[in-house]
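Participant: So here's data.cif, just mmCIF, C-alpha atoms and all ligand atoms:
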```
data_protein
#
loop_
_atom_site.label_atom_id
_atom_site.label_comp_id
_atom_site.auth_asym_id
_atom_site.auth_seq_id
_atom_site.Cartn_x
_atom_site.Cartn_y
_atom_site.Cartn_z
CA MET Q 1 -7.78 -18.73 -20.16
CA LYS Q 2 -5.55 -15.67 -20.47
CA THR Q 3 -3.61 -14.69 -17.36
CA TYR Q 4 -2.41 -11.19 -16.53
CA ASN Q 5 -0.02 -10.18 -13.74
CA TYR Q 6 -0.02 -6.94 -11.75
CA ASP Q 7 1.33 -5.59 -8.49
CA VAL Q 8 -2.07 -4.20 -7.55
CA LEU Q 9 -5.56 -5.06 -8.77
CA VAL Q 10 -8.20 -2.48 -7.83
CA ILE Q 11 -11.78 -3.71 -8.17
CA GLY Q 12 -14.25 -0.87 -8.80
CA ALA Q 13 -13.61 2.53 -10.38
CA GLY Q 14 -15.61 4.75 -8.03
CA PRO Q 15 -13.83 7.53 -6.12
CA GLY Q 16 -12.22 5.02 -3.73
CA GLY Q 17 -10.86 2.74 -6.45
CA SER Q 18 -9.62 5.49 -8.74
CA SER Q 19 -7.90 7.18 -5.84
CA ALA Q 20 -6.20 3.92 -4.82
CA ALA Q 21 -5.13 3.22 -8.41
CA ARG Q 22 -3.85 6.74 -8.91
CA PHE Q 23 -1.61 6.84 -5.86
CA ALA Q 24 -0.39 3.25 -6.26
CA ALA Q 25 0.58 3.94 -9.89
CA ARG Q 26 2.36 7.11 -8.82
CA LYS Q 27 4.55 4.97 -6.56
CA GLY Q 28 5.67 3.05 -9.65
CA LEU Q 29 3.52 -0.03 -9.03
CA LYS Q 30 1.99 -1.93 -11.93
CA VAL Q 31 -1.72 -1.25 -11.36
CA LEU Q 32 -4.91 -2.50 -13.00
CA LEU Q 33 -8.22 -0.75 -12.21
CA ILE Q 34 -11.30 -2.69 -13.33
CA GLU Q 35 -14.88 -1.41 -13.54
CA LYS Q 36 -17.94 -3.52 -14.21
CA ARG Q 37 -19.88 -0.72 -15.89
CA PRO Q 38 -19.10 0.32 -19.46
CA ASP Q 39 -19.15 4.00 -18.54
CA ILE Q 40 -17.26 5.03 -15.38
CA GLY Q 41 -19.45 7.14 -13.08
CA SER Q 42 -22.66 6.47 -14.96
CA PRO Q 43 -25.50 6.05 -14.18
CA VAL Q 44 -25.13 8.43 -11.24
CA ARG Q 45 -26.46 7.23 -7.89
CA CYS Q 46 -25.65 10.17 -5.64
CA GLY Q 47 -26.87 13.42 -4.11
CA GLU Q 48 -23.65 14.89 -5.53
CA GLY Q 49 -22.82 17.03 -2.50
CA ILE Q 50 -19.22 17.26 -1.30
CA SER Q 51 -17.36 19.52 1.10
CA LYS Q 52 -14.18 21.25 0.01
CA ASN Q 53 -11.82 20.84 2.92
CA TRP Q 54 -10.58 17.32 2.11
CA LEU Q 55 -9.76 17.88 -1.56
CA PRO Q 56 -6.14 19.02 -1.02
CA GLU Q 57 -5.44 15.92 1.08
CA VAL Q 58 -6.07 13.74 -1.98
CA GLU Q 59 -4.65 16.28 -4.41
CA ILE Q 60 -7.88 17.00 -6.24
CA GLU Q 61 -7.99 20.46 -7.81
CA PRO Q 62 -11.59 21.71 -8.12
CA GLN Q 63 -12.53 21.73 -11.82
CA LYS Q 64 -15.27 23.64 -13.67
CA LEU Q 65 -15.81 20.40 -15.57
CA TRP Q 66 -17.42 18.69 -12.58
CA ILE Q 67 -18.69 21.53 -10.40
CA ALA Q 68 -22.37 22.23 -11.08
CA ASN Q 69 -22.85 24.67 -8.23
CA GLU Q 70 -20.99 26.06 -5.25
CA VAL Q 71 -23.01 26.57 -2.09
CA GLU Q 72 -22.46 28.85 0.91
CA GLY Q 73 -23.78 26.43 3.47
CA ALA Q 74 -26.59 24.23 4.68
CA ARG Q 75 -29.99 24.83 6.22
CA ILE Q 76 -31.39 22.20 8.54
CA TYR Q 77 -35.15 22.24 8.95
CA PRO Q 78 -37.16 20.68 11.77
CA PRO Q 79 -40.52 19.01 11.03
CA ASP Q 80 -42.59 22.20 11.51
CA GLU Q 81 -40.19 24.12 9.21
CA LYS Q 82 -40.84 27.29 11.25
CA THR Q 83 -37.13 28.00 11.51
CA PHE Q 84 -33.84 26.41 10.48
CA ILE Q 85 -30.24 26.03 11.54
CA LYS Q 86 -27.89 27.74 9.14
CA LEU Q 87 -24.41 26.31 8.87
CA SER Q 88 -21.53 27.64 6.84
CA ALA Q 89 -20.03 25.19 4.35
CA ALA Q 90 -16.94 24.84 6.56
CA LYS Q 91 -19.04 23.60 9.49
CA ALA Q 92 -21.73 21.66 7.73
CA GLY Q 93 -19.91 18.37 7.18
CA ASN Q 94 -19.19 15.96 4.39
CA GLU Q 95 -21.77 16.94 1.85
CA VAL Q 96 -21.78 20.74 1.73
CA GLY Q 97 -19.52 22.88 -0.47
CA TYR Q 98 -19.89 21.85 -4.07
CA ILE Q 99 -22.71 20.13 -5.88
CA ILE Q 100 -20.85 18.13 -8.47
CA GLU Q 101 -21.54 16.33 -11.73
CA ARG Q 102 -20.76 12.95 -10.25
CA ASP Q 103 -20.32 11.10 -13.55
CA LYS Q 104 -17.77 13.68 -14.71
CA PHE Q 105 -16.09 13.66 -11.29
CA ASP Q 106 -15.66 9.88 -11.28
CA LYS Q 107 -14.30 9.94 -14.84
CA TYR Q 108 -11.94 12.75 -13.89
CA LEU Q 109 -10.54 10.68 -11.00
CA ALA Q 110 -10.14 7.64 -13.25
CA ALA Q 111 -8.31 9.83 -15.77
CA LEU Q 112 -5.94 11.01 -13.02
CA ALA Q 113 -5.21 7.34 -12.27
CA ALA Q 114 -4.60 6.63 -15.96
CA ARG Q 115 -2.24 9.60 -16.25
CA GLU Q 116 -0.18 8.23 -13.37
CA GLY Q 117 0.18 4.98 -15.33
CA ALA Q 118 -2.70 2.78 -14.09
CA GLU Q 119 -4.25 0.51 -16.69
CA ILE Q 120 -8.07 0.63 -16.78
CA TRP Q 121 -10.54 -1.95 -18.04
CA VAL Q 122 -14.21 -0.94 -18.29
CA LYS Q 123 -17.07 -3.40 -18.74
CA SER Q 124 -14.94 -5.83 -16.80
CA PRO Q 125 -16.53 -7.12 -13.57
CA ALA Q 126 -14.59 -9.27 -11.13
CA ILE Q 127 -16.70 -12.43 -10.92
CA SER Q 128 -14.75 -14.28 -8.21
CA LEU Q 129 -11.49 -14.22 -6.32
CA ILE Q 130 -8.67 -16.65 -7.02
CA LYS Q 131 -7.19 -18.23 -3.88
CA ASP Q 132 -4.09 -20.36 -3.30
CA LYS Q 133 -4.11 -23.72 -1.53
CA ASP Q 134 -4.02 -21.98 1.87
CA GLY Q 135 -7.08 -19.92 0.99
CA LYS Q 136 -5.15 -16.67 0.47
CA VAL Q 137 -6.44 -14.34 -2.24
CA ILE Q 138 -3.96 -14.10 -5.13
CA GLY Q 139 -6.08 -12.63 -7.89
CA ALA Q 140 -9.52 -12.45 -9.46
CA LYS Q 141 -11.43 -13.90 -12.36
CA VAL Q 142 -12.61 -11.03 -14.49
CA ARG Q 143 -15.14 -10.93 -17.33
CA LYS Q 144 -13.09 -8.62 -19.55
CA MET Q 145 -15.51 -7.24 -22.14
CA GLY Q 146 -17.22 -10.62 -22.17
CA GLU Q 147 -14.13 -12.85 -22.04
CA ILE Q 148 -13.24 -14.54 -18.76
CA VAL Q 149 -9.59 -13.96 -17.81
CA GLU Q 150 -7.43 -14.40 -14.73
CA VAL Q 151 -5.76 -11.41 -13.12
CA MET Q 152 -3.06 -12.27 -10.60
CA ALA Q 153 -1.88 -9.55 -8.18
CA LYS Q 154 0.23 -9.18 -5.06
CA ILE Q 155 -2.37 -6.85 -3.54
CA ILE Q 156 -6.10 -6.72 -4.25
CA ILE Q 157 -8.00 -3.57 -3.29
CA GLY Q 158 -11.75 -4.02 -2.97
CA ALA Q 159 -13.38 -0.72 -3.97
CA ASP Q 160 -16.67 -2.17 -5.17
CA GLY Q 161 -19.01 0.03 -3.17
CA PHE Q 162 -21.95 -0.55 -0.85
CA GLU Q 163 -22.91 -3.90 -2.40
CA SER Q 164 -19.31 -5.12 -2.14
CA GLN Q 165 -18.71 -8.73 -3.02
CA VAL Q 166 -14.94 -8.58 -2.70
CA GLY Q 167 -15.24 -8.33 1.09
CA ARG Q 168 -17.62 -11.28 1.23
CA TRP Q 169 -15.53 -13.39 -1.17
CA ALA Q 170 -12.42 -12.67 0.92
CA LYS Q 171 -14.30 -13.58 4.11
CA ILE Q 172 -14.02 -10.11 5.62
CA ASN Q 173 -17.18 -9.57 7.61
CA THR Q 174 -18.68 -6.24 6.59
CA MET Q 175 -22.33 -7.22 7.07
CA VAL Q 176 -24.57 -4.30 7.97
CA LYS Q 177 -27.68 -4.55 10.15
CA ASP Q 178 -31.00 -3.25 8.79
CA ARG Q 179 -31.04 -0.40 11.29
CA ASP Q 180 -27.71 0.78 9.86
CA ILE Q 181 -28.86 0.77 6.25
CA VAL Q 182 -30.61 3.77 4.79
CA SER Q 183 -32.66 3.17 1.68
CA CYS Q 184 -32.62 6.12 -0.72
CA ILE Q 185 -34.54 7.46 -3.65
CA GLU Q 186 -33.75 10.68 -5.43
CA TYR Q 187 -35.33 12.74 -8.22
CA ARG Q 188 -33.53 15.27 -10.36
CA MET Q 189 -36.14 18.02 -10.49
CA VAL Q 190 -36.33 21.10 -12.71
CA GLY Q 191 -38.59 24.13 -12.62
CA ILE Q 192 -38.62 24.26 -8.83
CA ASP Q 193 -38.26 27.15 -6.38
CA LEU Q 194 -35.02 27.09 -4.47
CA ASN Q 195 -32.17 29.09 -3.03
CA LYS Q 196 -29.18 27.87 -4.99
CA ASP Q 197 -26.74 29.02 -2.31
CA PHE Q 198 -27.83 26.42 0.24
CA THR Q 199 -28.24 22.71 0.53
CA ASP Q 200 -31.40 21.99 2.52
CA PHE Q 201 -31.96 19.11 4.92
CA TYR Q 202 -35.34 18.19 6.45
CA LEU Q 203 -35.52 16.09 9.60
CA GLY Q 204 -38.25 14.16 11.40
CA SER Q 205 -41.13 11.90 10.51
CA CYS Q 206 -40.93 13.00 6.86
CA ALA Q 207 -37.92 10.63 6.68
CA PRO Q 208 -37.71 8.25 9.66
CA GLY Q 209 -34.11 7.46 10.59
CA GLY Q 210 -32.83 9.65 7.74
CA TYR Q 211 -33.65 12.96 6.09
CA VAL Q 212 -34.85 14.67 2.93
CA TRP Q 213 -32.26 16.63 0.98
CA VAL Q 214 -32.51 19.33 -1.66
CA PHE Q 215 -29.13 19.86 -3.30
CA PRO Q 216 -29.30 22.68 -5.86
CA LYS Q 217 -27.61 22.03 -9.19
CA GLY Q 218 -28.74 25.28 -10.81
CA LYS Q 219 -31.18 28.12 -10.33
CA ASP Q 220 -34.32 25.98 -10.68
CA GLU Q 221 -32.84 22.48 -10.65
CA ALA Q 222 -31.91 20.20 -7.75
CA ASN Q 223 -31.38 16.68 -6.56
CA VAL Q 224 -34.35 16.09 -4.29
CA GLY Q 225 -33.84 12.89 -2.36
CA ILE Q 226 -34.73 10.97 0.74
CA GLY Q 227 -33.11 8.34 2.90
CA VAL Q 228 -35.15 6.24 5.33
CA ALA Q 229 -33.68 3.66 7.73
CA LEU Q 230 -34.50 0.17 6.45
CA ASN Q 231 -35.86 -0.95 9.83
CA LYS Q 232 -38.43 1.87 9.71
CA LEU Q 233 -39.89 0.77 6.38
CA LYS Q 234 -42.84 -1.64 6.13
CA ASN Q 235 -41.88 -2.39 2.54
CA PRO Q 236 -39.11 -1.11 0.23
CA GLY Q 237 -41.60 0.81 -1.95
CA GLU Q 238 -42.58 2.97 0.99
CA VAL Q 239 -39.49 5.15 0.65
CA LYS Q 240 -40.85 6.59 -2.63
CA LYS Q 241 -44.14 7.38 -0.92
CA TYR Q 242 -42.30 9.33 1.79
CA LEU Q 243 -40.56 11.43 -0.88
CA ASP Q 244 -43.72 11.94 -2.92
CA ASP Q 245 -45.62 13.00 0.21
CA PHE Q 246 -42.88 15.49 1.04
CA ILE Q 247 -42.96 16.98 -2.46
CA GLU Q 248 -46.76 17.13 -2.38
CA LYS Q 249 -46.58 19.28 0.76
CA HIS Q 250 -44.08 21.71 -0.77
CA PRO Q 251 -45.62 23.79 -3.59
CA GLY Q 252 -42.18 25.07 -4.65
CA LEU Q 253 -41.16 21.48 -5.40
CA LYS Q 254 -44.54 20.21 -6.55
CA LYS Q 255 -44.59 22.63 -9.47
CA GLY Q 256 -41.42 21.05 -10.93
CA GLN Q 257 -40.83 18.08 -13.19
CA ILE Q 258 -38.78 14.95 -12.56
CA ILE Q 259 -36.15 14.30 -15.22
CA ASN Q 260 -34.29 11.47 -13.52
CA LEU Q 261 -34.91 8.93 -10.76
CA ILE Q 262 -32.31 6.92 -8.88
CA THR Q 263 -32.39 4.49 -5.99
CA GLY Q 264 -29.61 3.21 -3.78
CA ALA Q 265 -28.55 2.56 -0.22
CA VAL Q 266 -25.95 3.79 2.20
CA SER Q 267 -24.54 2.20 5.33
CA THR Q 268 -24.73 4.25 8.51
CA CYS Q 269 -22.88 1.80 10.75
CA GLN Q 270 -19.78 1.81 12.90
CA MET Q 271 -16.56 0.59 11.32
CA PRO Q 272 -16.40 -3.20 10.89
CA GLN Q 273 -14.10 -5.36 13.04
CA SER Q 274 -11.68 -5.65 10.16
CA ILE Q 275 -11.27 -4.25 6.66
CA VAL Q 276 -8.24 -6.32 5.58
CA THR Q 277 -7.13 -9.89 5.19
CA ASP Q 278 -4.00 -11.44 3.66
CA ASN Q 279 -3.28 -9.58 0.39
CA VAL Q 280 -6.62 -7.72 0.47
CA MET Q 281 -7.72 -4.25 1.60
CA LEU Q 282 -11.20 -2.73 1.39
CA VAL Q 283 -11.69 1.00 0.79
CA GLY Q 284 -14.62 3.42 0.72
CA ASP Q 285 -18.17 2.06 0.94
CA SER Q 286 -16.97 -1.53 0.77
CA ALA Q 287 -15.15 -0.83 4.08
CA ARG Q 288 -18.31 0.89 5.45
CA LEU Q 289 -16.61 4.26 5.73
CA ILE Q 290 -19.71 6.35 5.10
CA ASP Q 291 -20.43 9.04 7.69
CA PRO Q 292 -23.38 7.63 9.68
CA ILE Q 293 -25.01 11.00 10.21
CA THR Q 294 -24.81 12.54 6.74
CA GLY Q 295 -24.62 9.41 4.59
CA GLY Q 296 -21.78 11.06 2.68
CA GLY Q 297 -18.91 8.82 1.63
CA ILE Q 298 -17.08 10.30 -1.35
CA SER Q 299 -14.39 12.02 0.71
CA ASN Q 300 -13.72 9.01 2.94
CA ALA Q 301 -13.55 6.76 -0.14
CA CYS Q 302 -10.88 8.94 -1.74
CA ILE Q 303 -8.86 9.31 1.46
CA SER Q 304 -8.98 5.59 2.29
CA GLY Q 305 -8.00 4.82 -1.33
CA LYS Q 306 -4.89 6.94 -0.95
CA ILE Q 307 -3.96 5.31 2.37
CA ALA Q 308 -4.46 1.85 0.81
CA ALA Q 309 -2.17 2.79 -2.09
CA GLU Q 310 0.58 3.80 0.31
CA ALA Q 311 0.13 0.56 2.27
CA ALA Q 312 0.26 -1.44 -0.98
CA TYR Q 313 3.57 0.19 -1.83
CA GLU Q 314 5.04 -0.51 1.62
CA SER Q 315 3.76 -4.06 1.48
CA ILE Q 316 5.22 -4.85 -1.94
CA LYS Q 317 8.51 -3.15 -1.09
CA SER Q 318 8.91 -5.23 2.05
CA GLY Q 319 7.52 -8.43 0.53
CA ASN Q 320 4.96 -8.69 3.32
CA SER Q 321 1.25 -8.60 2.45
CA SER Q 322 0.01 -10.47 5.49
CA LYS Q 323 -3.17 -9.48 7.25
CA GLU Q 324 -1.10 -8.23 10.20
CA PHE Q 325 1.04 -6.02 7.96
CA LEU Q 326 -2.01 -4.53 6.21
CA LYS Q 327 -3.72 -4.01 9.56
CA GLU Q 328 -0.74 -2.01 10.78
CA HIS Q 329 -0.10 -0.03 7.57
CA TYR Q 330 -3.66 0.48 6.34
CA GLU Q 331 -6.44 -0.38 8.77
CA LYS Q 332 -4.80 1.31 11.77
CA LYS Q 333 -4.36 4.54 9.80
CA VAL Q 334 -7.94 4.44 8.57
CA ARG Q 335 -9.17 3.90 12.12
CA GLU Q 336 -7.06 6.79 13.41
CA LYS Q 337 -8.56 8.98 10.73
CA PHE Q 338 -12.23 8.02 10.83
CA GLU Q 339 -13.19 5.74 13.70
CA ARG Q 340 -13.74 8.27 16.49
CA LYS Q 341 -15.86 10.63 14.43
CA ASN Q 342 -17.70 7.74 12.86
CA LEU Q 343 -18.60 6.33 16.27
CA ARG Q 344 -19.71 9.71 17.61
CA ASN Q 345 -21.85 10.32 14.54
CA TRP Q 346 -23.31 6.83 14.80
CA PHE Q 347 -24.47 7.60 18.36
CA ALA Q 348 -25.85 10.95 17.25
CA LYS Q 349 -27.71 9.27 14.38
CA GLU Q 350 -29.20 6.69 16.74
CA LYS Q 351 -30.32 9.47 19.06
CA LEU Q 352 -31.78 11.64 16.31
CA SER Q 353 -33.76 8.74 14.89
CA MET Q 354 -35.53 8.32 18.25
CA LEU Q 355 -36.63 11.92 18.70
CA SER Q 356 -40.25 12.93 18.24
CA ASP Q 357 -41.15 15.72 15.83
CA GLU Q 358 -42.03 17.87 18.81
CA THR Q 359 -38.57 17.45 20.36
CA LEU Q 360 -36.87 18.11 17.03
CA ASN Q 361 -38.87 21.31 16.61
CA LYS Q 362 -37.70 22.53 20.02
CA LEU Q 363 -34.14 21.44 19.39
CA VAL Q 364 -33.80 23.29 16.11
CA ASP Q 365 -35.65 26.29 17.53
CA ALA Q 366 -33.12 26.54 20.37
CA ILE Q 367 -30.06 26.01 18.21
CA SER Q 368 -31.20 28.34 15.42
CA GLU Q 369 -31.09 31.30 17.82
CA VAL Q 370 -27.42 31.04 18.71
CA GLU Q 371 -24.36 31.89 16.70
CA LEU Q 372 -22.53 28.56 16.61
CA THR Q 373 -18.79 28.89 16.77
CA SER Q 374 -18.30 25.17 16.36
CA ILE Q 375 -20.50 22.15 15.79
CA SER Q 376 -19.74 20.11 18.85
CA VAL Q 377 -22.31 18.14 20.78
CA LYS Q 378 -21.43 20.33 23.77
CA SER Q 379 -22.02 23.63 21.98
CA LEU Q 380 -25.37 22.34 20.73
CA LEU Q 381 -26.38 21.17 24.19
CA ASP Q 382 -25.39 24.52 25.71
CA ALA Q 383 -27.79 26.19 23.29
CA VAL Q 384 -30.59 23.79 24.16
CA GLN Q 385 -29.91 24.21 27.89
CA LYS Q 386 -30.62 27.93 27.62
CA LYS Q 387 -34.06 27.59 26.04
CA TYR Q 388 -35.39 24.13 26.86
CA PRO Q 389 -33.45 22.92 29.94
CA GLU Q 390 -35.90 20.02 30.35
CA LEU Q 391 -34.70 18.61 27.00
CA VAL Q 392 -31.05 18.38 27.93
CA LYS Q 393 -31.57 15.25 30.03
CA GLU Q 394 -32.49 13.38 26.86
CA PHE Q 395 -29.10 14.10 25.34
CA GLU Q 396 -26.72 13.88 28.24
CA ASP Q 397 -25.49 10.44 27.24
CA LEU Q 398 -24.15 11.94 24.00
CA LEU Q 399 -21.57 13.83 26.02
C1 LIG Q 401 -28.76 7.99 -3.20
C2 LIG Q 401 -27.39 8.26 -2.71
C3 LIG Q 401 -26.97 9.58 -2.51
C4 LIG Q 401 -25.68 9.83 -2.04
N1 LIG Q 401 -25.29 11.13 -1.91
C5 LIG Q 401 -24.04 11.42 -1.50
C6 LIG Q 401 -23.58 12.77 -1.43
O1 LIG Q 401 -24.31 13.69 -1.73
N2 LIG Q 401 -22.31 12.97 -1.01
C7 LIG Q 401 -21.47 11.97 -0.66
O2 LIG Q 401 -20.31 12.23 -0.26
N3 LIG Q 401 -21.86 10.68 -0.74
C8 LIG Q 401 -23.12 10.38 -1.17
N4 LIG Q 401 -23.51 9.08 -1.29
C9 LIG Q 401 -22.54 8.02 -0.95
C10 LIG Q 401 -21.50 7.94 -2.05
O3 LIG Q 401 -22.12 7.72 -3.29
C11 LIG Q 401 -20.52 6.80 -1.75
O4 LIG Q 401 -20.05 6.93 -0.42
C12 LIG Q 401 -19.32 6.80 -2.71
O5 LIG Q 401 -19.73 6.59 -4.03
C13 LIG Q 401 -18.32 5.72 -2.28
O6 LIG Q 401 -17.32 5.55 -3.25
P1 LIG Q 401 -16.69 4.11 -3.51
O7 LIG Q 401 -15.62 4.32 -4.50
O8 LIG Q 401 -16.38 3.46 -2.23
O9 LIG Q 401 -17.89 3.25 -4.13
P2 LIG Q 401 -18.75 3.48 -5.44
O10 LIG Q 401 -18.78 4.90 -5.82
O11 LIG Q 401 -20.04 2.80 -5.19
O12 LIG Q 401 -17.94 2.72 -6.56
C14 LIG Q 401 -17.89 1.31 -6.62
C15 LIG Q 401 -17.59 0.95 -8.05
O13 LIG Q 401 -17.33 -0.45 -8.13
C16 LIG Q 401 -17.95 -0.97 -9.27
N5 LIG Q 401 -18.11 -2.41 -9.04
C17 LIG Q 401 -18.95 -3.02 -8.21
N6 LIG Q 401 -18.78 -4.36 -8.26
C18 LIG Q 401 -17.77 -4.57 -9.13
C19 LIG Q 401 -17.14 -5.76 -9.61
N7 LIG Q 401 -17.49 -6.98 -9.19
N8 LIG Q 401 -16.15 -5.62 -10.53
C20 LIG Q 401 -15.78 -4.40 -10.98
N9 LIG Q 401 -16.36 -3.26 -10.58
C21 LIG Q 401 -17.35 -3.34 -9.65
C22 LIG Q 401 -19.26 -0.18 -9.36
O14 LIG Q 401 -19.82 -0.25 -10.65
C23 LIG Q 401 -18.79 1.21 -8.98
O15 LIG Q 401 -18.37 1.95 -10.09
C24 LIG Q 401 -24.79 8.77 -1.75
C25 LIG Q 401 -25.20 7.45 -1.95
C26 LIG Q 401 -26.47 7.19 -2.42
C27 LIG Q 401 -26.89 5.77 -2.66
#
```
Could you rewrite the structure in this file as structure tokens?
Ligand SMILES: Cc1cc2nc3c(=O)[nH]c(=O)nc-3n(C[C@H](O)[C@H](O)[C@H](O)COP(=O)(O)OP(=O)(O)OC[C@H]3O[C@@H](n4cnc5c(N)ncnc54)[C@H](O)[C@@H]3O)c2cc1C
Facilitator:
Amino acid sequence: MKTYNYDVLVIGAGPGGSSAARFAARKGLKVLLIEKRPDIGSPVRCGEGISKNWLPEVEIEPQKLWIANEVEGARIYPPDEKTFIKLSAAKAGNEVGYIIERDKFDKYLAALAAREGAEIWVKSPAISLIKDKDGKVIGAKVRKMGEIVEVMAKIIIGADGFESQVGRWAKINTMVKDRDIVSCIEYRMVGIDLNKDFTDFYLGSCAPGGYVWVFPKGKDEANVGIGVALNKLKNPGEVKKYLDDFIEKHPGLKKGQIINLITGAVSTCQMPQSIVTDNVMLVGDSARLIDPITGGGISNACISGKIAAEAAYESIKSGNSSKEFLKEHYEKKVREKFERKNLRNWFAKEKLSMLSDETLNKLVDAISEVELTSISVKSLLDAVQKKYPELVKEFEDLL
């Protein structure tokens, strides 16, 4: 069996992995980025919405190549759809700003990694981790274009997405409960009525524990998707029925045609107890860094990838890749960056998923009438207090 040696092995060439590989290579490390699929970024499994504010942090220049549409903001509809909350892109969160061509975006990020000197193997899944006699991970077996090879590395970065095996193989517990998994299905639809300047979100019993989204890609074309919490589904097929029912009730969507269908899942959980072990760090979805309220995870994947690359450099420079070192130099920084917001949004998600349609109608009605200067739980509650004071009791614990 052929054996290869690297400083850093990154498993998975999604946004998290490519970002990690790019910044590790820039530091002069010998980096290998492996991807199980033959075509990085394809097939797309994404709503393709991203906000803009985080792009400078990971040095991504917006490119015509991967921007399908730029939106002004988001509209959030309650179940009766009588009104909506309008949010500017700056306030709307992780998924509002650009609607991207995700396959081109992922390839673009991988190309940035390559240009910094990372080596990339496509059609090369990691099939297991290699451990030393003490059980520490020291590499991975990889099916490189069909041939099984060994890749040894000082640091292994697991960037293998929601279904991550690297975490499990390395005995990092990133298990997610059913109530914190949202099952998704999405159609690319053409010939529909839409306002291409806004991403639309629909809340309530149309999508229990989740929402319906319409993310416009062009003047009559959009990603129309739904996420439903797994614990609210009687069977996995039911999620399609929810989406079909929604489309049926909306003539502007019903008149269109479906040209693509994707399925997938996102985690909407709090951060796991740990996202590192000796020689191993997890980034992006494999570290459960998705925003629990929006289900968006591209930005957090890229940012965590960059932090992991910096930690890999520090670790290799100091000759210390122990769990404790990686906790201090990677996990702690990731927690500082994401944990508070993630926890707050997890609570808000839990709360939202328990509200009746009637309460949601009142909530949105109250909020839609005020000019929101910031999206804080307090500012939202102040708005509700003015119109439906009896509702505020239900939300006080969020404060
Ligand atoms: C239906 C749906 C809609 C979504 N919409 C949005 C959205 O609009 N905006 C947003 O921000 N987020 C969205 N997300 C979430 C977003 O897609 C993820 O958060 C993001 O892709 C995380 O990036 P990542 O690099 O961590 O993982 P991924 O993008 O999942 O990349 C993991 C990569 O690892 C590869 N891989 C897996 N196993 C192996 C292996 N053993 N060996 C080698 N390679 C492997 C995979 O093929 C994949 O390329 C959506 C998710 C779903 C399911």
Participant: Can you pull out every residue within 9 Å of Q:Lys30, counting all atoms listed in the file, but drop anything in the same chain fewer than 2 positions away, and send it as a list in words?
Facilitator: Asn5, Tyr6, Asp7, Val8, Leu9, Ala24, Ala25, Gly28, Leu32, Gly117, Ala118 and Glu119 of chain Q
Participant: Can you tell me which residues surround Q:Glu314 at a distance of at most 12 Å, considering all atoms listed in the file, apart from same-chain residues fewer than 2 positions away, and format the answer as a PyMOL selection string?
Facilitator: chain Q and resi 7+24+27-29+154-155+307-312+316-322+325-326+328-330
Participant: Okay, now the selection with C-alpha atoms, as an mmCIF file, in the frame of the given file?
Facilitator:
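What landed in out17.cif:
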```cif
data_model
loop_
_atom_site.group_PDB
_atom_site.id
_atom_site.type_symbol
_atom_site.label_atom_id
_atom_site.label_comp_id
_atom_site.auth_asym_id
_atom_site.auth_seq_id
_atom_site.Cartn_x
_atom_site.Cartn_y
_atom_site.Cartn_z
ATOM 1 C CA ASP Q 7 1.330 -5.590 -8.490
ATOM 2 C CA ALA Q 24 -0.390 3.250 -6.260
ATOM 3 C CA LYS Q 27 4.550 4.970 -6.560
ATOM 4 C CA GLY Q 28 5.670 3.050 -9.650
ATOM 5 C CA LEU Q 29 3.520 -0.030 -9.030
ATOM 6 C CA LYS Q 154 0.230 -9.180 -5.060
ATOM 7 C CA ILE Q 155 -2.370 -6.850 -3.540
ATOM 8 C CA ILE Q 307 -3.960 5.310 2.370
ATOM 9 C CA ALA Q 308 -4.460 1.850 0.810
ATOM 10 C CA ALA Q 309 -2.170 2.790 -2.090
ATOM 11 C CA GLU Q 310 0.580 3.800 0.310
ATOM 12 C CA ALA Q 311 0.130 0.560 2.270
ATOM 13 C CA ALA Q 312 0.260 -1.440 -0.980
ATOM 14 C CA ILE Q 316 5.220 -4.850 -1.940
ATOM 15 C CA LYS Q 317 8.510 -3.150 -1.090
ATOM 16 C CA SER Q 318 8.910 -5.230 2.050
ATOM 17 C CA GLY Q 319 7.520 -8.430 0.530
ATOM 18 C CA ASN Q 320 4.960 -8.690 3.320
ATOM 19 C CA SER Q 321 1.250 -8.600 2.450
ATOM 20 C CA SER Q 322 0.010 -10.470 5.490
ATOM 21 C CA PHE Q 325 1.040 -6.020 7.960
ATOM 22 C CA LEU Q 326 -2.010 -4.530 6.210
ATOM 23 C CA GLU Q 328 -0.740 -2.010 10.780
ATOM 24 C CA HIS Q 329 -0.100 -0.030 7.570
ATOM 25 C CA TYR Q 330 -3.660 0.480 6.340
#
```
Participant: Counting only C-alpha atoms, which residue out of Q:Thr263, Q:Ser274, Q:Asn235, Q:Ser205 sits closest to Q:Gly167?
Facilitator: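 Of Q:Thr263, Q:Ser274, Q:Asn235, Q:Ser205, the one nearest Q:Gly167, counting only C-alpha atoms, is Q:Ser274.
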Participant: Using all atoms listed in the file, which residue out of Q:Ile367, Q:Val239, Q:Leu391, Q:Ala114 lies closest to ligand LIG 401 (chain Q)?
Facilitator: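 For ligand LIG 401 (chain Q), the nearest of the given residues is Q:Val239.
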Participant: Which residues are near Q:Lys219? Cut-off 8 Å, only C-alpha atoms, ignore same chain within fewer than 4 positions. Put them as a PyMOL selection string.
Facilitator: chain Q and resi 194-196
Participant: Could the residues that lie within 7 Å of ligand LIG 401 (chain Q), counting only C-alpha atoms and all ligand atoms, be listed as a PyMOL selection string?
Facilitator: chain Q and resi 11-17+34-37+40-41+45-50+94-95+124-127+159-162+164-165+184-186+262-266+283-286+290+295-299+301
